[in-house]
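Below: entry28.pdb (PDB, C-alpha atoms and all ligand atoms)
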```pdb
ATOM      1  CA  MET A   1     -36.100   7.073 -45.977
ATOM      2  CA  GLN A   2     -34.909   5.106 -42.938
ATOM      3  CA  GLN A   3     -34.181   2.055 -45.114
ATOM      4  CA  ARG A   4     -32.701   3.929 -48.090
ATOM      5  CA  LYS A   5     -28.933   4.085 -48.576
ATOM      6  CA  HIS A   6     -28.751   5.554 -52.103
ATOM      7  CA  LEU A   7     -30.880   7.785 -54.296
ATOM      8  CA  LEU A   8     -30.392   6.514 -57.844
ATOM      9  CA  GLY A   9     -33.728   7.520 -59.369
ATOM     10  CA  MET A  10     -37.322   8.507 -58.612
ATOM     11  CA  ARG A  11     -38.673   5.223 -59.947
ATOM     12  CA  GLY A  12     -39.653   3.189 -56.903
ATOM     13  CA  VAL A  13     -39.429   6.073 -54.428
ATOM     14  CA  SER A  14     -42.693   6.054 -52.465
ATOM     15  CA  ALA A  15     -45.029   8.988 -51.859
ATOM     16  CA  THR A  16     -44.209   8.726 -48.136
ATOM     17  CA  GLU A  17     -40.491   9.050 -48.866
ATOM     18  CA  ILE A  18     -41.056  11.997 -51.224
ATOM     19  CA  ASP A  19     -43.225  13.752 -48.630
ATOM     20  CA  GLU A  20     -40.560  13.175 -45.986
ATOM     21  CA  ILE A  21     -37.801  14.689 -48.165
ATOM     22  CA  LEU A  22     -39.991  17.689 -49.064
ATOM     23  CA  ASP A  23     -41.016  18.228 -45.419
ATOM     24  CA  VAL A  24     -37.392  18.149 -44.227
ATOM     25  CA  ALA A  25     -36.435  20.470 -47.122
ATOM     26  CA  ASN A  26     -39.023  22.921 -45.820
ATOM     27  CA  SER A  27     -37.215  22.982 -42.471
ATOM     28  CA  MET A  28     -33.873  23.381 -44.243
ATOM     29  CA  LYS A  29     -35.224  26.473 -45.986
ATOM     30  CA  HIS A  30     -35.338  28.181 -42.586
ATOM     31  CA  ILE A  31     -31.593  27.568 -42.148
ATOM     32  CA  LEU A  32     -30.981  29.130 -45.566
ATOM     33  CA  SER A  33     -32.925  32.247 -44.666
ATOM     34  CA  ALA A  34     -31.151  32.677 -41.285
ATOM     35  CA  PRO A  35     -28.295  35.224 -41.106
ATOM     36  CA  SER A  36     -25.626  32.561 -40.261
ATOM     37  CA  LYS A  37     -26.737  29.819 -42.752
ATOM     38  CA  LYS A  38     -25.044  27.157 -40.620
ATOM     39  CA  SER A  39     -26.249  24.001 -38.891
ATOM     40  CA  ALA A  40     -24.510  21.008 -37.324
ATOM     41  CA  HIS A  41     -26.605  18.338 -39.113
ATOM     42  CA  LEU A  42     -23.612  16.857 -40.994
ATOM     43  CA  THR A  43     -20.754  17.532 -38.590
ATOM     44  CA  GLY A  44     -18.029  14.960 -39.191
ATOM     45  CA  LYS A  45     -19.418  13.802 -42.550
ATOM     46  CA  SER A  46     -17.500  13.900 -45.813
ATOM     47  CA  ILE A  47     -19.311  14.536 -49.097
ATOM     48  CA  VAL A  48     -17.685  14.223 -52.538
ATOM     49  CA  THR A  49     -19.075  15.373 -55.874
ATOM     50  CA  LEU A  50     -17.764  13.233 -58.731
ATOM     51  CA  PHE A  51     -18.811  14.825 -62.024
ATOM     52  CA  TYR A  52     -18.006  13.388 -65.461
ATOM     53  CA  GLU A  53     -20.213  16.056 -67.090
ATOM     54  CA  ASN A  54     -20.462  19.809 -66.643
ATOM     55  CA  SER A  55     -22.823  21.341 -64.118
ATOM     56  CA  THR A  56     -23.462  24.667 -62.437
ATOM     57  CA  ARG A  57     -26.637  24.228 -60.356
ATOM     58  CA  THR A  58     -26.452  20.594 -59.223
ATOM     59  CA  ARG A  59     -22.792  20.461 -58.262
ATOM     60  CA  MET A  60     -22.697  23.839 -56.538
ATOM     61  CA  SER A  61     -25.953  23.293 -54.661
ATOM     62  CA  PHE A  62     -24.768  19.938 -53.304
ATOM     63  CA  GLU A  63     -21.456  21.487 -52.229
ATOM     64  CA  MET A  64     -23.191  24.460 -50.601
ATOM     65  CA  ALA A  65     -25.776  22.186 -48.962
ATOM     66  CA  ALA A  66     -22.973  20.092 -47.426
ATOM     67  CA  LYS A  67     -21.058  23.140 -46.218
ATOM     68  CA  TYR A  68     -24.149  24.830 -44.728
ATOM     69  CA  MET A  69     -24.632  21.662 -42.644
ATOM     70  CA  SER A  70     -20.969  21.555 -41.500
ATOM     71  CA  ALA A  71     -19.817  18.592 -43.639
ATOM     72  CA  SER A  72     -16.527  18.628 -45.492
ATOM     73  CA  ALA A  73     -17.265  18.939 -49.217
ATOM     74  CA  SER A  74     -14.811  18.082 -51.990
ATOM     75  CA  ASN A  75     -15.143  17.979 -55.741
ATOM     76  CA  ILE A  76     -13.535  15.833 -58.415
ATOM     77  CA  SER A  77     -14.090  16.616 -62.050
ATOM     78  CA  ALA A  78     -13.220  13.933 -64.570
ATOM     79  CA  SER A  79     -11.040  16.237 -66.665
ATOM     80  CA  THR A  80      -8.578  17.021 -63.840
ATOM     81  CA  SER A  81      -8.367  13.627 -62.109
ATOM     82  CA  SER A  82      -6.722  10.244 -62.682
ATOM     83  CA  ILE A  83      -9.810   9.282 -64.701
ATOM     84  CA  THR A  84      -7.890  10.815 -67.635
ATOM     85  CA  LYS A  85      -5.150   8.176 -67.002
ATOM     86  CA  GLY A  86      -7.621   5.340 -67.493
ATOM     87  CA  GLU A  87      -8.801   4.703 -63.934
ATOM     88  CA  THR A  88     -12.136   2.884 -63.874
ATOM     89  CA  LEU A  89     -15.269   4.310 -62.279
ATOM     90  CA  ILE A  90     -15.239   1.570 -59.633
ATOM     91  CA  ASP A  91     -11.578   2.166 -58.748
ATOM     92  CA  THR A  92     -12.204   5.924 -58.524
ATOM     93  CA  GLY A  93     -15.244   5.345 -56.285
ATOM     94  CA  ARG A  94     -13.371   2.935 -54.032
ATOM     95  CA  THR A  95     -10.468   5.383 -53.771
ATOM     96  CA  LEU A  96     -12.820   8.136 -52.623
ATOM     97  CA  GLU A  97     -14.461   5.777 -50.169
ATOM     98  CA  ARG A  98     -11.097   4.751 -48.644
ATOM     99  CA  MET A  99     -10.409   8.437 -48.060
ATOM    100  CA  GLY A 100     -13.494   8.552 -45.848
ATOM    101  CA  SER A 101     -16.328   9.724 -48.110
ATOM    102  CA  ASP A 102     -19.757   9.138 -46.609
ATOM    103  CA  VAL A 103     -21.639  10.170 -49.742
ATOM    104  CA  ILE A 104     -20.539  10.223 -53.391
ATOM    105  CA  ILE A 105     -22.691  12.437 -55.599
ATOM    106  CA  MET A 106     -22.179  11.484 -59.184
ATOM    107  CA  ARG A 107     -23.026  12.758 -62.665
ATOM    108  CA  HIS A 108     -22.082  10.601 -65.648
ATOM    109  CA  PRO A 109     -22.937  10.560 -69.372
ATOM    110  CA  MET A 110     -23.755   6.817 -69.258
ATOM    111  CA  SER A 111     -27.182   5.730 -67.994
ATOM    112  CA  GLY A 112     -26.737   3.338 -65.067
ATOM    113  CA  ALA A 113     -23.253   4.488 -64.016
ATOM    114  CA  PRO A 114     -24.346   5.501 -60.457
ATOM    115  CA  HIS A 115     -26.132   2.141 -60.092
ATOM    116  CA  LEU A 116     -22.875   0.358 -60.945
ATOM    117  CA  LEU A 117     -20.939   2.465 -58.444
ATOM    118  CA  SER A 118     -23.537   1.882 -55.717
ATOM    119  CA  ARG A 119     -23.035  -1.896 -56.051
ATOM    120  CA  ASN A 120     -19.286  -1.538 -55.551
ATOM    121  CA  VAL A 121     -18.910   0.862 -52.617
ATOM    122  CA  HIS A 122     -20.235   0.859 -49.058
ATOM    123  CA  CYS A 123     -20.974   4.595 -48.840
ATOM    124  CA  SER A 124     -24.152   6.288 -50.126
ATOM    125  CA  VAL A 125     -24.392   7.211 -53.806
ATOM    126  CA  ILE A 126     -26.637   9.977 -55.140
ATOM    127  CA  ASN A 127     -27.361  10.170 -58.844
ATOM    128  CA  ALA A 128     -26.840  13.771 -59.996
ATOM    129  CA  GLY A 129     -27.810  12.862 -63.570
ATOM    130  CA  ASP A 130     -26.946   9.735 -65.578
ATOM    131  CA  GLY A 131     -27.145  10.012 -69.348
ATOM    132  CA  MET A 132     -30.746  10.074 -70.545
ATOM    133  CA  ASN A 133     -31.963   8.089 -67.533
ATOM    134  CA  GLU A 134     -32.699  10.068 -64.363
ATOM    135  CA  HIS A 135     -31.895  13.235 -62.399
ATOM    136  CA  PRO A 136     -33.815  12.546 -59.184
ATOM    137  CA  THR A 137     -32.796  15.588 -57.140
ATOM    138  CA  GLN A 138     -33.989  17.880 -59.951
ATOM    139  CA  ALA A 139     -37.419  16.218 -59.828
ATOM    140  CA  LEU A 140     -37.474  16.548 -56.033
ATOM    141  CA  LEU A 141     -36.719  20.267 -56.182
ATOM    142  CA  ASP A 142     -39.297  20.671 -58.959
ATOM    143  CA  MET A 143     -41.917  18.894 -56.839
ATOM    144  CA  PHE A 144     -40.900  20.930 -53.787
ATOM    145  CA  THR A 145     -41.458  24.117 -55.822
ATOM    146  CA  MET A 146     -44.839  22.900 -57.110
ATOM    147  CA  ARG A 147     -46.006  21.958 -53.606
ATOM    148  CA  ASP A 148     -44.707  25.230 -52.191
ATOM    149  CA  LYS A 149     -46.569  27.287 -54.802
ATOM    150  CA  LYS A 150     -49.721  25.203 -55.206
ATOM    151  CA  GLY A 151     -50.129  23.607 -51.770
ATOM    152  CA  THR A 152     -50.275  20.051 -53.148
ATOM    153  CA  ILE A 153     -48.986  17.984 -56.066
ATOM    154  CA  LYS A 154     -51.947  15.609 -56.185
ATOM    155  CA  GLY A 155     -54.297  16.523 -59.044
ATOM    156  CA  LEU A 156     -52.047  19.241 -60.485
ATOM    157  CA  LYS A 157     -52.194  19.488 -64.262
ATOM    158  CA  VAL A 158     -48.533  19.555 -65.322
ATOM    159  CA  ALA A 159     -47.421  20.190 -68.933
ATOM    160  CA  ILE A 160     -43.783  19.326 -69.710
ATOM    161  CA  VAL A 161     -42.668  20.656 -73.103
ATOM    162  CA  GLY A 162     -39.347  20.192 -74.892
ATOM    163  CA  ASP A 163     -36.706  17.579 -75.614
ATOM    164  CA  VAL A 164     -38.396  14.804 -73.642
ATOM    165  CA  LEU A 165     -36.468  12.010 -75.375
ATOM    166  CA  HIS A 166     -33.029  13.075 -74.117
ATOM    167  CA  SER A 167     -34.207  14.465 -70.774
ATOM    168  CA  ARG A 168     -33.343  12.745 -67.501
ATOM    169  CA  VAL A 169     -35.319  15.537 -65.798
ATOM    170  CA  ALA A 170     -38.403  14.404 -67.748
ATOM    171  CA  ARG A 171     -37.953  10.777 -66.657
ATOM    172  CA  SER A 172     -37.441  11.609 -62.982
ATOM    173  CA  ASN A 173     -40.426  13.967 -63.022
ATOM    174  CA  LEU A 174     -42.486  11.294 -64.781
ATOM    175  CA  TRP A 175     -41.922   8.806 -61.943
ATOM    176  CA  GLY A 176     -42.112  11.347 -59.126
ATOM    177  CA  LEU A 177     -45.192  13.211 -60.348
ATOM    178  CA  GLN A 178     -47.028   9.969 -61.148
ATOM    179  CA  THR A 179     -46.337   8.713 -57.641
ATOM    180  CA  MET A 180     -47.636  11.962 -56.160
ATOM    181  CA  GLY A 181     -50.840  11.852 -58.217
ATOM    182  CA  ALA A 182     -50.279  14.683 -60.707
ATOM    183  CA  ASP A 183     -51.904  14.651 -64.152
ATOM    184  CA  VAL A 184     -48.886  14.870 -66.495
ATOM    185  CA  THR A 185     -48.745  15.709 -70.212
ATOM    186  CA  PHE A 186     -45.512  15.552 -72.213
ATOM    187  CA  CYS A 187     -45.260  17.546 -75.442
ATOM    188  CA  ALA A 188     -42.524  17.487 -78.105
ATOM    189  CA  PRO A 189     -41.990  16.914 -81.820
ATOM    190  CA  ALA A 190     -42.589  13.238 -82.671
ATOM    191  CA  THR A 191     -38.840  12.631 -82.935
ATOM    192  CA  LEU A 192     -38.308  13.819 -79.331
ATOM    193  CA  LEU A 193     -41.290  12.140 -77.634
ATOM    194  CA  PRO A 194     -40.728   8.502 -76.529
ATOM    195  CA  PRO A 195     -43.983   6.635 -77.328
ATOM    196  CA  GLU A 196     -43.373   4.123 -74.514
ATOM    197  CA  PHE A 197     -44.063   6.903 -71.981
ATOM    198  CA  GLU A 198     -47.772   6.448 -72.734
ATOM    199  CA  GLN A 199     -47.707   3.025 -71.041
ATOM    200  CA  THR A 200     -47.007   4.765 -67.735
ATOM    201  CA  GLY A 201     -50.343   6.594 -67.819
ATOM    202  CA  VAL A 202     -49.176  10.078 -68.817
ATOM    203  CA  HIS A 203     -50.577  11.941 -71.833
ATOM    204  CA  LEU A 204     -48.472  12.579 -74.933
ATOM    205  CA  THR A 205     -49.155  15.245 -77.551
ATOM    206  CA  PHE A 206     -47.380  16.995 -80.420
ATOM    207  CA  ASP A 207     -49.611  20.062 -79.926
ATOM    208  CA  VAL A 208     -48.190  22.572 -77.451
ATOM    209  CA  LYS A 209     -51.523  24.426 -77.213
ATOM    210  CA  GLU A 210     -53.301  21.225 -76.192
ATOM    211  CA  ALA A 211     -50.590  20.471 -73.605
ATOM    212  CA  VAL A 212     -50.611  23.912 -71.984
ATOM    213  CA  ARG A 213     -54.357  24.717 -72.103
ATOM    214  CA  GLY A 214     -55.618  24.907 -68.487
ATOM    215  CA  ALA A 215     -52.302  23.643 -67.017
ATOM    216  CA  ASP A 216     -51.374  24.545 -63.419
ATOM    217  CA  VAL A 217     -47.685  24.034 -64.119
ATOM    218  CA  VAL A 218     -45.850  24.525 -67.426
ATOM    219  CA  MET A 219     -42.277  23.232 -67.524
ATOM    220  CA  GLY A 220     -39.918  23.855 -70.435
ATOM    221  CA  LEU A 221     -37.106  21.399 -71.101
ATOM    222  CA  ARG A 222     -33.790  22.277 -72.705
ATOM    223  CA  ILE A 223     -33.105  21.203 -76.260
ATOM    224  CA  GLN A 224     -30.095  18.955 -75.614
ATOM    225  CA  ARG A 225     -28.060  19.510 -78.724
ATOM    226  CA  GLU A 226     -25.078  17.674 -77.182
ATOM    227  CA  ARG A 227     -27.061  14.381 -77.022
ATOM    228  CA  GLN A 228     -28.862  14.668 -80.360
ATOM    229  CA  GLN A 229     -28.131  13.220 -83.735
ATOM    230  CA  SER A 230     -28.834  15.696 -86.495
ATOM    231  CA  GLY A 231     -32.243  15.698 -88.151
ATOM    232  CA  LEU A 232     -34.495  15.362 -85.106
ATOM    233  CA  PHE A 233     -36.088  18.704 -85.989
ATOM    234  CA  PRO A 234     -35.514  20.932 -89.014
ATOM    235  CA  SER A 235     -34.078  24.012 -87.269
ATOM    236  CA  VAL A 236     -33.990  25.759 -83.910
ATOM    237  CA  ARG A 237     -36.127  28.534 -85.440
ATOM    238  CA  GLU A 238     -38.789  26.067 -86.496
ATOM    239  CA  TYR A 239     -38.679  24.291 -83.124
ATOM    240  CA  ASN A 240     -39.240  27.638 -81.406
ATOM    241  CA  GLN A 241     -42.113  28.487 -83.755
ATOM    242  CA  PHE A 242     -44.034  25.254 -83.036
ATOM    243  CA  PHE A 243     -42.955  24.282 -79.491
ATOM    244  CA  GLY A 244     -41.462  27.375 -77.823
ATOM    245  CA  ILE A 245     -43.221  28.642 -74.682
ATOM    246  CA  ASP A 246     -43.925  32.296 -75.421
ATOM    247  CA  ASP A 247     -46.512  34.772 -74.119
ATOM    248  CA  GLU A 248     -49.217  33.479 -76.462
ATOM    249  CA  ILE A 249     -48.755  29.866 -75.328
ATOM    250  CA  ALA A 250     -48.366  30.872 -71.668
ATOM    251  CA  ALA A 251     -51.717  32.694 -71.830
ATOM    252  CA  LEU A 252     -53.453  29.354 -72.474
ATOM    253  CA  ALA A 253     -52.430  27.998 -69.067
ATOM    254  CA  ASP A 254     -54.519  28.494 -65.920
ATOM    255  CA  LYS A 255     -54.500  32.143 -64.806
ATOM    256  CA  ASP A 256     -52.482  31.151 -61.696
ATOM    257  CA  ALA A 257     -50.154  28.756 -63.520
ATOM    258  CA  ILE A 258     -46.455  28.726 -62.721
ATOM    259  CA  PHE A 259     -43.706  28.502 -65.337
ATOM    260  CA  MET A 260     -40.722  26.275 -64.647
ATOM    261  CA  HIS A 261     -37.433  25.261 -66.268
ATOM    262  CA  PRO A 262     -34.687  23.105 -64.735
ATOM    263  CA  GLY A 263     -31.937  25.177 -66.376
ATOM    264  CA  PRO A 264     -29.700  25.804 -68.095
ATOM    265  CA  MET A 265     -32.111  27.551 -70.486
ATOM    266  CA  ASN A 266     -31.755  28.258 -74.169
ATOM    267  CA  ARG A 267     -33.570  31.599 -74.041
ATOM    268  CA  GLY A 268     -35.556  32.211 -77.202
ATOM    269  CA  VAL A 269     -35.525  28.490 -78.111
ATOM    270  CA  GLU A 270     -37.641  26.467 -75.640
ATOM    271  CA  ILE A 271     -38.799  29.507 -73.633
ATOM    272  CA  THR A 272     -38.839  33.254 -74.261
ATOM    273  CA  SER A 273     -37.288  35.678 -71.795
ATOM    274  CA  SER A 274     -40.714  37.281 -71.311
ATOM    275  CA  VAL A 275     -42.033  34.001 -69.833
ATOM    276  CA  ALA A 276     -38.801  32.964 -68.075
ATOM    277  CA  ASP A 277     -38.597  36.311 -66.276
ATOM    278  CA  CYS A 278     -42.316  36.897 -65.632
ATOM    279  CA  ALA A 279     -43.845  37.192 -62.145
ATOM    280  CA  ARG A 280     -45.182  33.611 -62.242
ATOM    281  CA  SER A 281     -41.856  32.107 -63.323
ATOM    282  CA  THR A 282     -40.329  29.954 -60.552
ATOM    283  CA  ILE A 283     -36.992  29.389 -62.256
ATOM    284  CA  ASP A 284     -34.963  31.347 -59.665
ATOM    285  CA  GLU A 285     -36.900  29.763 -56.799
ATOM    286  CA  GLN A 286     -36.165  26.298 -58.213
ATOM    287  CA  VAL A 287     -32.452  27.050 -57.907
ATOM    288  CA  ALA A 288     -32.821  28.220 -54.282
ATOM    289  CA  ASN A 289     -35.086  25.277 -53.431
ATOM    290  CA  GLY A 290     -32.469  22.934 -54.890
ATOM    291  CA  VAL A 291     -30.120  23.752 -52.024
ATOM    292  CA  ALA A 292     -32.807  23.035 -49.387
ATOM    293  CA  VAL A 293     -33.840  19.768 -51.050
ATOM    294  CA  ARG A 294     -30.232  18.584 -51.301
ATOM    295  CA  MET A 295     -29.628  19.522 -47.648
ATOM    296  CA  ALA A 296     -32.647  17.389 -46.725
ATOM    297  CA  LEU A 297     -31.472  14.452 -48.783
ATOM    298  CA  LEU A 298     -27.904  14.520 -47.458
ATOM    299  CA  PHE A 299     -29.250  14.679 -43.904
ATOM    300  CA  LEU A 300     -31.712  11.803 -44.399
ATOM    301  CA  LEU A 301     -29.212   9.511 -46.157
ATOM    302  CA  THR A 302     -26.345  10.089 -43.730
ATOM    303  CA  ARG A 303     -28.696   9.733 -40.763
ATOM    304  CA  ARG A 304     -29.624   6.311 -42.102
ATOM    305  CA  VAL A 305     -25.960   5.326 -42.614
ATOM    306  CA  SER A 306     -24.972   6.303 -39.083
ATOM    307  CA  ALA A 307     -28.132   4.853 -37.467
TER     308      ALA A 307
HETATM  309  N1  LIG B 401     -30.622  21.498 -63.846
HETATM  310  C1  LIG B 401     -29.357  21.063 -63.855
HETATM  311  O1  LIG B 401     -29.070  19.884 -63.701
HETATM  312  O2  LIG B 401     -28.436  22.060 -64.065
HETATM  313  P1  LIG B 401     -26.849  21.846 -64.090
HETATM  314  O3  LIG B 401     -26.529  21.063 -65.342
HETATM  315  O4  LIG B 401     -26.277  23.247 -64.128
HETATM  316  O5  LIG B 401     -26.450  21.086 -62.870
END
```

What does this structure look like when you write it as structure tokens?
Ligand code: CP
Amino acid sequence: MQQRKHLLGMRGVSATEIDEILDVANSMKHILSAPSKKSAHLTGKSIVTLFYENSTRTRMSFEMAAKYMSASASNISASTSSITKGETLIDTGRTLERMGSDVIIMRHPMSGAPHLLSRNVHCSVINAGDGMNEHPTQALLDMFTMRDKKGTIKGLKVAIVGDVLHSRVARSNLWGLQTMGADVTFCAPATLLPPEFEQTGVHLTFDVKEAVRGADVVMGLRIQRERQQSGLFPSVREYNQFFGIDDEIAALADKDAIFMHPGPMNRGVEITSSVADCARSTIDEQVANGVAVRMALLFLLTRRVSA
């Protein structure tokens, strides 16, 4: 991480870098469990979240991560800023940088938008989700949770089921899990499963039972109705019948399997409440781990900038 200024995606992030982020996140977890929840890691730093799309988990966890480490944290949402007056992304980014931002954390509906910003500002840029491309910090917190629960990522059998086509979480997990040596299977209806994924060495299947059988990790993905054209599957009811993760499907996984979802969930569509709320569900832990992982990343990136 010493050489890295931005985190724009998991593609190209090495296993050494991933291990370093996850190791530092483990230390950050101790700060989160302390009574004062305060450290001086980011004293004097200024962090801005620039979100052109809605978010609960990602935006709040970055803001809380910054505040727990004594940085100043500010938020701009597209709907209440001068973006509505026609200001370009680059002008907005440069404006924030002139005000002293050390890190801009950005979510945008267009794939590649954070990459464009990173080429036009001097501060660090973190991709908090760009279109259908990547959501690297979600994959990092997912991998942190897997490693925490299973001891290692290497060799884990991971089944990822849902709207793979529109999912930036799927793409970031694809690159990250491949790098860390997991055995990954993606499962979706044919209309939501990009065939080019197969070239990366993962398995693809339309059969949820085949995907989940013997898996160590089962991850549901949200059906992203906001990014879909109509006609990609006949109905939500039919999707749930053939691809939903319910008790019967969950029982096919390894007896110690964990059940994950990046959130927000459509309960009763891609996952039933009985699985989402079961003892082996890690969905709440993923949210908590997200703060620790984002603390680690902010620390490592700003340390590099000030080095
Ligand atoms: N998982 C995730 O990105 O959630 P938010 O959209 O709430 O940030």

With all atoms listed in the file counted and 8 Å as the cut-off, give the residues of chain A in contact with ligand LIG 401 (chain B), each with its shortest interatomic distance in Å and the pair that gives it, as CSV.
```
residue,atom,partner,partner_atom,distance
A:Asn54,CA,B:LIG401,O3,6.3
A:Ser55,CA,B:LIG401,O5,3.8
A:Thr56,CA,B:LIG401,O4,3.6
A:Arg57,CA,B:LIG401,O4,3.9
A:Thr58,CA,B:LIG401,O5,3.7
A:Arg59,CA,B:LIG401,O5,5.9
A:Met60,CA,B:LIG401,O5,7.9
A:Ala128,CA,B:LIG401,O1,7.5
A:Gly129,CA,B:LIG401,O1,7.1
A:His135,CA,B:LIG401,O1,7.3
A:Gln138,CA,B:LIG401,N1,6.3
A:Val169,CA,B:LIG401,N1,7.8
A:Pro262,CA,B:LIG401,N1,4.5
A:Gly263,CA,B:LIG401,N1,4.7
A:Pro264,CA,B:LIG401,O2,5.6
```

Quick one: residues within 9 Å of Ser79 of chain A, only C-alpha atoms, excluding same-chain residues fewer than 4 positions away - as an mmCIF file with C-alpha atoms, in the coordinates of the input?
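Here's the written file around_29.cif:
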```
data_model
loop_
_atom_site.group_PDB
_atom_site.id
_atom_site.type_symbol
_atom_site.label_atom_id
_atom_site.label_comp_id
_atom_site.auth_asym_id
_atom_site.auth_seq_id
_atom_site.Cartn_x
_atom_site.Cartn_y
_atom_site.Cartn_z
ATOM 1 C CA TYR A 52 -18.006 13.388 -65.461
ATOM 2 C CA ILE A 83 -9.810 9.282 -64.701
ATOM 3 C CA THR A 84 -7.890 10.815 -67.635
#
```

What's around Leu141 of chain A at 12 Å? Count all atoms listed in the file, leave out sequence neighbours fewer than 6 positions away in its own chain, and write the answer as number ranges by chain.
A: 18-19, 21-23, 25-26, 57-58, 61, 135, 147-148, 169, 172-173, 176-177, 260-262, 282-297

Do a neighbour search on segment 215-226 of chain A at 7 Å with all atoms listed in the file, toss out local chain neighbours closer than 6 positions, and write the hits as a list in words.
Leu156, Lys157, Val158, Ala159, Ile160, Val161, Gly162, Asp163, His166, Ala253, Asp254, Asp256, Ala257, Ile258, Phe259, Met260, His261, Met265, Asn266, Glu270 and Ile271 of chain A

Mind dumping the selected residues with C-alpha atoms as a short mmCIF file (atom, residue, chain, number, x, y, z; two decimals), in the frame of the given file?
```
data_model
loop_
_atom_site.label_atom_id
_atom_site.label_comp_id
_atom_site.auth_asym_id
_atom_site.auth_seq_id
_atom_site.Cartn_x
_atom_site.Cartn_y
_atom_site.Cartn_z
CA LEU A 156 -52.05 19.24 -60.48
CA LYS A 157 -52.19 19.49 -64.26
CA VAL A 158 -48.53 19.56 -65.32
CA ALA A 159 -47.42 20.19 -68.93
CA ILE A 160 -43.78 19.33 -69.71
CA VAL A 161 -42.67 20.66 -73.10
CA GLY A 162 -39.35 20.19 -74.89
CA ASP A 163 -36.71 17.58 -75.61
CA HIS A 166 -33.03 13.08 -74.12
CA ALA A 253 -52.43 28.00 -69.07
CA ASP A 254 -54.52 28.49 -65.92
CA ASP A 256 -52.48 31.15 -61.70
CA ALA A 257 -50.15 28.76 -63.52
CA ILE A 258 -46.46 28.73 -62.72
CA PHE A 259 -43.71 28.50 -65.34
CA MET A 260 -40.72 26.28 -64.65
CA HIS A 261 -37.43 25.26 -66.27
CA MET A 265 -32.11 27.55 -70.49
CA ASN A 266 -31.76 28.26 -74.17
CA GLU A 270 -37.64 26.47 -75.64
CA ILE A 271 -38.80 29.51 -73.63
#
```

One decimal, Å: what's the distance from atom CA of Met110 of chain A over to atom CA of Thr179 of chain A, could you say?
25.5 Å

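Evaluated against this file, the PyMOL selection byres (((chain A and resi 211) around 8) and not hetatm) yields Ala159, Ile160, Val161, Thr185, Phe186, Cys187, Thr205, Asp207, Val208, Lys209, Glu210, Val212, Arg213 and Ala215 of chain A.
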
Target residues per the PyMOL selection byres (((chain A and resi 92-99) around 12) and not hetatm), formatted as a PyMOL selection string
chain A and resi 45-52+74-78+81-91+100-106+113-125

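Between atom CA of Ser39 of chain A and atom CA of Glu20 of chain A the separation is 19.3 Å.
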
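Closest approach to Ile245 of chain A from the set A:Met28, A:Met69, A:Ala188, A:Leu204 is made by A:Ala188, with distances taken over all atoms listed in the file.
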
Taken to one decimal, the atom CA of Phe242 of chain A-atom CA of Arg280 of chain A distance is 22.4 Å

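Candidate residues A:Glu53, A:Asp142, A:Thr152, A:Ala190 were compared for distance to Pro109 of chain A, and the nearest is A:Glu53, using all atoms listed in the file.
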
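Among A:Gly214, A:Arg11, A:Ala182, A:Asp130, the residue with the shortest atom-to-atom distance to Leu252 of chain A, counting all atoms listed in the file, is A:Gly214.
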
For the structure provided, state which residues fall under the PyMOL selection byres (((chain A and resi 9) around 8) and not hetatm), and present them as JSON, numbers by chain.
{"A": [7, 8, 10, 11, 12, 13, 127, 134, 135, 136, 172]}

Quick one: write out the picked residues with C-alpha atoms as a PDB file, keeping the file's coordinate frame?
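Saved as result39.pdb:
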```
ATOM      1  CA  LEU A   7     -30.880   7.785 -54.296  1.00  0.00           C
ATOM      2  CA  LEU A   8     -30.392   6.514 -57.844  1.00  0.00           C
ATOM      3  CA  MET A  10     -37.322   8.507 -58.612  1.00  0.00           C
ATOM      4  CA  ARG A  11     -38.673   5.223 -59.947  1.00  0.00           C
ATOM      5  CA  GLY A  12     -39.653   3.189 -56.903  1.00  0.00           C
ATOM      6  CA  VAL A  13     -39.429   6.073 -54.428  1.00  0.00           C
ATOM      7  CA  ASN A 127     -27.361  10.170 -58.844  1.00  0.00           C
ATOM      8  CA  GLU A 134     -32.699  10.068 -64.363  1.00  0.00           C
ATOM      9  CA  HIS A 135     -31.895  13.235 -62.399  1.00  0.00           C
ATOM     10  CA  PRO A 136     -33.815  12.546 -59.184  1.00  0.00           C
ATOM     11  CA  SER A 172     -37.441  11.609 -62.982  1.00  0.00           C
TER      12      SER A 172
END
```

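Considering only C-alpha atoms, the residue among A:Ala15, A:Ala73, A:Leu165, A:Ala66 positioned nearest to Lys38 of chain A is A:Ala66.
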
Check the smallest atom-to-atom distance from each of A:Thr145, A:Thr302, A:Ser274, A:Thr191 to Gly44 of chain A using all atoms listed in the file, then report the winner.
A:Thr302

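Using all atoms listed in the file, the nearest neighbour of Val184 of chain A within the list A:Val202, A:Leu32, A:Ala170, A:Met146 is A:Val202.
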
Show me the residues around (-27.7, 1.7, -70.5) - criterion: an atom at most 9 Å away, only C-alpha atoms counted - as a VMD selection string.
chain A and resid 110 to 113 131 to 133
